[in-house]
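Visitor: Just so it is clear, I am handing over query.txt, which has compact mmCIF, C-alpha atoms.
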```txt
# COMPACT_ATOMS: atom_id res chain seq x y z
CA MET A 1 114.22 98.52 187.21
CA SER A 2 117.97 98.81 187.12
CA SER A 3 118.08 101.63 184.59
CA ASP A 4 115.82 103.84 186.69
CA PRO A 5 117.30 107.35 186.26
CA ALA A 6 116.74 108.22 189.94
CA SER A 7 118.72 105.25 191.18
CA ALA A 8 121.37 105.87 188.54
CA THR A 9 121.81 109.40 189.88
CA ARG A 10 121.95 108.09 193.45
CA ARG A 11 124.62 105.61 192.44
CA ARG A 12 126.57 108.33 190.72
CA ILE A 13 126.41 110.59 193.77
CA LEU A 14 127.46 107.72 196.05
CA LYS A 15 130.34 106.96 193.73
CA ALA A 16 131.35 110.61 193.67
CA ILE A 17 131.29 110.76 197.50
CA ALA A 18 133.35 107.57 197.68
CA ALA A 19 135.82 108.99 195.21
CA LEU A 20 136.10 112.20 197.22
CA THR A 21 136.76 110.35 200.48
CA VAL A 22 139.44 108.24 198.84
CA GLY A 23 141.26 111.16 197.28
CA THR A 24 141.38 113.18 200.50
CA SER A 25 144.56 115.15 199.91
CA ALA A 26 143.16 117.62 197.45
CA VAL A 27 139.84 118.06 195.74
CA GLN A 28 140.72 118.05 192.11
CA ILE A 29 138.47 119.76 189.67
CA VAL A 30 139.08 118.29 186.28
CA ARG A 31 138.77 121.02 183.71
CA PRO A 32 138.95 120.07 180.08
CA THR A 33 142.19 121.39 178.71
CA GLY A 34 140.59 121.90 175.33
CA ALA A 35 141.58 120.70 171.95
CA THR A 36 144.44 122.73 170.61
CA PRO A 37 145.48 123.01 167.00
CA ALA A 38 148.12 120.42 167.94
CA ALA A 39 145.49 118.06 169.35
CA MET A 40 143.51 118.54 166.18
CA GLN A 41 146.56 117.69 164.09
CA ALA A 42 147.03 114.53 166.19
CA ALA A 43 143.38 113.56 165.71
CA ILE A 44 143.70 114.16 161.99
CA ARG A 45 146.84 112.01 161.85
CA THR A 46 145.04 109.08 163.49
CA VAL A 47 142.57 109.16 160.61
CA VAL A 48 144.85 110.12 157.76
CA GLY A 49 148.05 108.42 158.84
CA GLU A 50 151.08 109.60 156.90
CA ASN A 51 149.10 110.37 153.77
CA GLN A 52 149.15 113.81 152.26
CA ILE A 53 146.04 115.96 152.60
CA ASN A 54 145.17 117.86 149.46
CA ARG A 55 143.08 120.99 149.26
CA GLY A 56 139.97 120.93 147.11
CA LYS A 57 137.16 118.61 146.06
CA VAL A 58 135.58 119.09 149.49
CA THR A 59 133.13 121.90 150.29
CA LEU A 60 132.47 122.54 153.95
CA ASP A 61 129.42 124.68 154.42
CA ILE A 62 129.12 126.42 157.79
CA PRO A 63 127.85 129.95 158.38
CA PRO A 64 130.92 132.14 159.04
CA LEU A 65 129.17 133.97 161.88
CA VAL A 66 127.22 131.90 164.38
CA GLU A 67 125.20 133.34 167.22
CA ASN A 68 124.74 130.16 169.23
CA GLY A 69 127.46 127.52 169.17
CA ASN A 70 125.13 124.90 170.63
CA THR A 71 123.57 124.20 167.26
CA VAL A 72 125.50 124.99 164.13
CA ALA A 73 124.15 123.66 160.86
CA CYS A 74 126.99 122.17 158.92
CA SER A 75 127.18 120.28 155.67
CA VAL A 76 129.98 118.70 153.68
CA ALA A 77 129.84 117.94 150.00
CA VAL A 78 132.54 116.14 148.07
CA ASP A 79 133.01 116.39 144.34
CA SER A 80 132.96 112.71 143.41
CA PRO A 81 131.18 110.64 140.74
CA MET A 82 130.31 108.04 143.43
CA THR A 83 130.82 105.04 141.18
CA ALA A 84 132.14 101.64 142.22
CA ALA A 85 135.58 102.69 140.96
CA ASP A 86 135.69 106.21 142.38
CA TYR A 87 133.77 107.07 145.52
CA VAL A 88 134.08 108.74 148.90
CA ARG A 89 134.82 106.28 151.65
CA ALA A 90 134.54 108.60 154.65
CA ILE A 91 134.18 112.20 155.72
CA HIS A 92 135.57 113.48 159.02
CA ILE A 93 135.10 116.87 160.64
CA PHE A 94 137.60 118.31 163.12
CA ASN A 95 137.83 121.48 165.19
CA GLU A 96 140.56 123.37 167.02
CA LYS A 97 139.05 124.62 170.24
CA ASN A 98 136.29 122.34 171.50
CA PRO A 99 137.27 120.12 174.44
CA GLN A 100 137.80 117.34 171.88
CA PRO A 101 139.12 117.70 168.34
CA ASN A 102 136.68 115.24 166.73
CA VAL A 103 133.29 116.44 165.62
CA ILE A 104 131.84 113.63 163.52
CA GLY A 105 132.99 110.87 161.22
CA VAL A 106 130.74 109.37 158.57
CA HIS A 107 131.26 106.35 156.38
CA LEU A 108 129.75 106.21 152.92
CA GLY A 109 129.88 103.78 150.06
CA PRO A 110 129.64 103.86 146.27
CA ARG A 111 125.89 103.42 146.41
CA ALA A 112 125.36 106.71 148.24
CA GLY A 113 124.92 108.36 144.85
CA ARG A 114 125.83 111.76 146.16
CA ALA A 115 128.63 112.48 148.64
CA ARG A 116 126.85 115.04 150.74
CA VAL A 117 126.13 114.95 154.46
CA SER A 118 124.45 117.48 156.74
CA THR A 119 124.29 117.59 160.51
CA ARG A 120 124.25 119.98 163.44
CA ILE A 121 127.32 120.46 165.56
CA ARG A 122 128.52 122.28 168.67
CA LEU A 123 131.32 124.81 168.63
CA ALA A 124 132.81 126.08 171.88
CA ASP A 125 134.67 129.05 170.52
CA THR A 126 135.62 131.08 167.50
CA GLN A 127 137.80 128.69 165.58
CA ARG A 128 138.67 126.86 162.39
CA VAL A 129 136.69 123.79 161.38
CA ILE A 130 138.17 121.28 158.95
CA ALA A 131 136.45 118.61 156.88
CA ILE A 132 138.53 115.78 155.45
CA ALA A 133 137.26 113.28 152.90
CA GLU A 134 138.85 109.91 152.26
CA LEU A 135 138.42 108.73 148.68
CA SER A 136 138.36 105.14 147.46
CA ASP A 137 141.80 105.55 145.87
CA GLY A 138 143.24 106.31 149.33
CA SER A 139 143.74 110.03 148.80
CA PHE A 140 142.57 112.64 151.31
CA TRP A 141 141.01 116.00 150.48
CA SER A 142 140.09 118.83 152.81
CA ASP A 143 138.37 122.14 153.22
CA SER A 144 138.39 124.49 156.20
CA VAL A 145 136.23 127.35 157.38
CA ASP A 146 136.90 129.97 160.05
CA VAL A 147 133.81 130.37 162.18
CA VAL A 148 133.09 133.24 164.55
CA ILE A 149 130.99 132.17 167.54
CA THR A 150 129.18 134.67 169.78
CA LEU A 151 127.90 132.18 172.36
CA GLY A 152 130.00 129.07 172.81
CA ALA A 153 128.72 125.56 173.46
CA CYS A 154 129.86 122.60 175.53
CA LEU A 155 131.25 124.33 178.60
CA GLU A 156 128.49 126.73 179.46
CA ASP A 157 125.27 125.75 181.17
CA SER A 158 122.56 125.94 178.61
CA MET B 1 112.41 105.27 174.37
CA ALA B 2 113.75 108.23 172.63
CA ARG B 3 111.61 109.77 169.98
CA ALA B 4 113.03 109.38 166.50
CA LEU B 5 111.90 110.95 163.29
CA VAL B 6 113.04 109.77 159.89
CA SER B 7 112.29 111.02 156.43
CA VAL B 8 112.45 108.66 153.47
CA PRO B 9 110.49 109.15 150.24
CA ALA B 10 107.63 106.64 150.08
CA ARG B 11 108.15 106.05 146.34
CA ALA B 12 111.18 106.37 144.15
CA GLY B 13 112.29 105.40 140.68
CA ARG B 14 114.85 102.62 140.32
CA GLY B 15 118.34 104.03 140.64
CA GLU B 16 117.10 107.42 141.77
CA ILE B 17 119.21 109.24 144.35
CA ILE B 18 117.07 109.88 147.40
CA ALA B 19 117.63 112.11 150.42
CA ILE B 20 117.32 110.52 153.84
CA LYS B 21 117.00 112.51 157.05
CA ALA B 22 117.13 111.19 160.58
CA LEU B 23 116.49 113.02 163.82
CA ILE B 24 116.39 111.65 167.35
CA SER B 25 115.66 113.27 170.68
CA HIS B 26 118.71 112.99 172.93
CA HIS B 27 120.35 115.58 175.16
CA MET B 28 123.91 114.58 174.15
CA GLU B 29 125.45 115.51 177.49
CA THR B 30 129.04 116.33 176.62
CA GLY B 31 130.74 115.21 179.83
CA PHE B 32 132.53 118.57 180.01
CA ARG B 33 129.93 120.55 181.90
CA HIS B 34 129.66 120.97 185.67
CA SER B 35 126.51 120.92 187.75
CA THR B 36 125.59 123.79 190.07
CA THR B 37 127.35 121.92 192.88
CA GLY B 38 130.55 121.77 190.85
CA GLU B 39 130.46 118.10 189.96
CA LEU B 40 131.28 117.00 186.47
CA ILE B 41 128.14 115.85 184.70
CA PRO B 42 129.01 112.45 183.23
CA ARG B 43 129.03 112.03 179.48
CA ASP B 44 125.85 110.64 177.98
CA ILE B 45 125.86 110.76 174.19
CA ILE B 46 124.90 108.73 171.17
CA THR B 47 128.13 107.33 169.79
CA SER B 48 127.02 105.54 166.68
CA PHE B 49 124.39 105.79 163.99
CA VAL B 50 123.88 103.12 161.34
CA CYS B 51 121.46 103.02 158.42
CA ARG B 52 120.68 99.77 156.61
CA TYR B 53 118.78 99.32 153.37
CA ASN B 54 117.26 95.82 153.27
CA GLY B 55 119.97 94.66 155.64
CA GLU B 56 122.87 96.23 153.73
CA GLU B 57 124.72 98.98 155.56
CA ILE B 58 124.53 102.17 153.48
CA PHE B 59 125.64 104.80 155.97
CA ARG B 60 127.38 104.92 159.32
CA ALA B 61 128.36 107.83 161.55
CA ASP B 62 130.56 108.04 164.64
CA LEU B 63 129.27 110.79 166.88
CA PHE B 64 131.23 112.78 169.44
CA PRO B 65 130.20 115.25 172.15
CA ALA B 66 130.53 117.96 169.49
CA THR B 67 127.32 116.78 167.87
CA ALA B 68 124.46 119.06 168.89
CA ALA B 69 121.64 117.85 171.11
CA ASN B 70 118.94 115.94 169.24
CA PRO B 71 121.32 114.65 166.56
CA PHE B 72 120.18 115.32 163.02
CA ILE B 73 121.88 113.67 160.08
CA SER B 74 120.94 113.85 156.44
CA PHE B 75 122.56 111.95 153.61
CA TYR B 76 121.82 110.34 150.25
CA THR B 77 121.48 106.88 148.84
CA ARG B 78 120.41 105.20 145.63
CA ALA B 79 116.98 103.57 145.63
CA THR B 80 117.69 100.06 144.34
CA GLU B 81 114.69 97.98 145.36
CA SER B 82 111.54 98.10 147.43
CA GLY B 83 111.98 97.30 151.08
CA THR B 84 112.69 98.81 154.44
CA ILE B 85 115.34 101.20 155.59
CA VAL B 86 116.31 100.66 159.22
CA PHE B 87 117.96 103.31 161.37
CA GLU B 88 119.81 102.41 164.53
CA TRP B 89 121.32 104.67 167.17
CA THR B 90 123.49 103.39 170.02
CA GLY B 91 125.26 105.24 172.76
CA ASP B 92 126.40 105.61 176.36
CA ASN B 93 124.49 103.96 179.21
CA ASP B 94 123.28 101.20 176.88
CA PHE B 95 121.29 103.64 174.82
CA SER B 96 119.71 102.02 171.81
CA ALA B 97 116.93 103.09 169.48
CA THR B 98 115.71 101.92 166.12
CA GLU B 99 113.32 103.32 163.57
CA GLN B 100 112.36 102.14 160.13
CA ALA B 101 110.72 103.37 156.98
CA ALA B 102 109.32 101.58 153.97
CA ILE B 103 110.20 102.53 150.41
CA SER B 104 108.64 101.28 147.23
CA VAL B 105 110.78 101.37 144.11
CA GLU B 106 109.29 101.03 140.66
```
Produce structure tokens that represent the structure in this file.

Guide:
Amino acid sequence: MSSDPASATRRRILKAIAALTVGTSAVQIVRPTGATPAAMQAAIRTVVGENQINRGKVTLDIPPLVENGNTVACSVAVDSPMTAADYVRAIHIFNEKNPQPNVIGVHLGPRAGRARVSTRIRLADTQRVIAIAELSDGSFWSDSVDVVITLGACLEDS
Amino acid sequence: MARALVSVPARAGRGEIIAIKALISHHMETGFRHSTTGELIPRDIITSFVCRYNGEEIFRADLFPATAANPFISFYTRATESGTIVFEWTGDNDFSATEQAAISVE
């Protein structure tokens, strides 16, 4: 079987060895530079474009103090009637200090009935998390929460 | 095959807003961690989740490494007609899983 995990690992190791022999000059350890507030702004711009982001309508619910950043319960609710004329098209969540600024992006439609989504996310560090909702009229609304993390996720061996 | 768990009410009134929950077992390796020998552990995550109600897409999510292991997503939809709700997860290394639930609307 080609997708046998053992052979996949062997292939990966062989590839890694090949890569090391090719790049002889210096062994480079690639460390994630981490999403910065600037990277987050850039990620937000790719979603929002040049549109203005308004405060309000969106409620981002995350506990302000989290013991373990590996699993953080997080929910976003948007104040919207969810009718064919006025509904939430998408909800995006961004962060400042994980290796990547994106957390999750969900796409809804008028038939959702209620614009509310819950999931579990990872947070690497104490930081600000932002939720942005795109409405059917093209406007963007946001909410942000500052979260304190005692044990970060992503980079540590868990 | 990854184990998936979905929660859909078995019966609902027509037009009722129902809660849907979906959970799947997956380690969601971020691609940012290093093994004990210092090598980067390659990324292995679920990148996309789609939910269809009788073939019509009602919810879609793009997942990133910042989604916790064993991705859990809950959302709402309006029960319009009896039928099946199909959940589909796809990801790195040709990962693919589907699960479905029946709903009867009266």

Visitor: Please return, as a PyMOL selection string, all residues of chain B lying within 7 Å of chain A when all atoms listed in the file are considered.

Guide: chain B and resi 17+30+32-33+58-64+66-68+71-78

Visitor: What's the 7 Å shell around Ile130 (chain A), counting only C-alpha atoms, without same-chain residues fewer than 5 positions away, as a PyMOL selection string?

Guide: chain A and resi 93-95+142-145

Visitor: Could you list, as a list in words, every residue within 8 Å of Pro9 (chain B), counting all atoms listed in the file and ignoring same-chain residues fewer than 3 positions away?

Guide: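 Those residues are Ala12, Ile18, Ala19, Ile20 and Ile103 of chain B.
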
Visitor: Could you turn the residues from that selection into a file that holds C-alpha atoms, as a PDB file, in the frame of the given file?

Guide:
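So again13.pdb came out as:
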```pdb
ATOM      1  CA  ALA B  12     111.180 106.370 144.150  1.00  0.00           C
ATOM      2  CA  ILE B  18     117.070 109.880 147.400  1.00  0.00           C
ATOM      3  CA  ALA B  19     117.630 112.110 150.420  1.00  0.00           C
ATOM      4  CA  ILE B  20     117.320 110.520 153.840  1.00  0.00           C
ATOM      5  CA  ILE B 103     110.200 102.530 150.410  1.00  0.00           C
TER       6      ILE B 103
END
```

Visitor: What is the distance between CA of Ala97 (chain B) and CA of Thr9 (chain A), in Å to one decimal?

Guide: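 Spanning CA of Ala97 (chain B) to CA of Thr9 (chain A) is a straight-line distance of 21.9 Å.
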
Visitor: Go through B:Ala2, B:Gly15, B:Arg52, B:Glu106 one by one, measure the shortest atom-to-atom distance of each to Ser82 (chain B) using only C-alpha atoms, and give the residue with the smallest value.

Guide: B:Glu106

Visitor: Distance CA of Ser104 (chain B)-CA of Ala85 (chain A), one decimal place?

Guide: 27.7 Å

Visitor: Calculate, to one decimal in Å, the centre and edge lengths of the box along x, y and z of the file that holds all listed atoms of region 83-95 of chain A with 6 Å of margin on each side, and present them as JSON.

Guide:
```
{"center_x": 134.3, "center_y": 111.6, "center_z": 153.1, "size_x": 19.0, "size_y": 31.8, "size_z": 36.2}
```

Visitor: Between CA of Lys21 (chain B) and CA of Val8 (chain B), what is the distance, to one decimal in Å?

Guide: 7.0 Å

Visitor: Determine, counting all atoms listed in the file, which protein, DNA and RNA residues have an atom within 6 Å of an atom of Ser136 (chain A); residues of the same chain fewer than 4 positions away are not included. Present the result as number ranges by chain.

Guide: A: 86-89

Visitor: Given all atoms listed in the file as the basis, pick out the residue of B:Glu99, B:Glu88, B:Glu81, B:Glu29 nearest to Val50 (chain B).

Guide: B:Glu88

Visitor: Give the answer as one residue: which of B:Leu23, B:Ala10, B:Val86, B:Ala79 has the shortest atom-to-atom distance to Asn54 (chain B), using only C-alpha atoms?

Guide: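 Selected residue with least distance to Asn54 (chain B): B:Val86.
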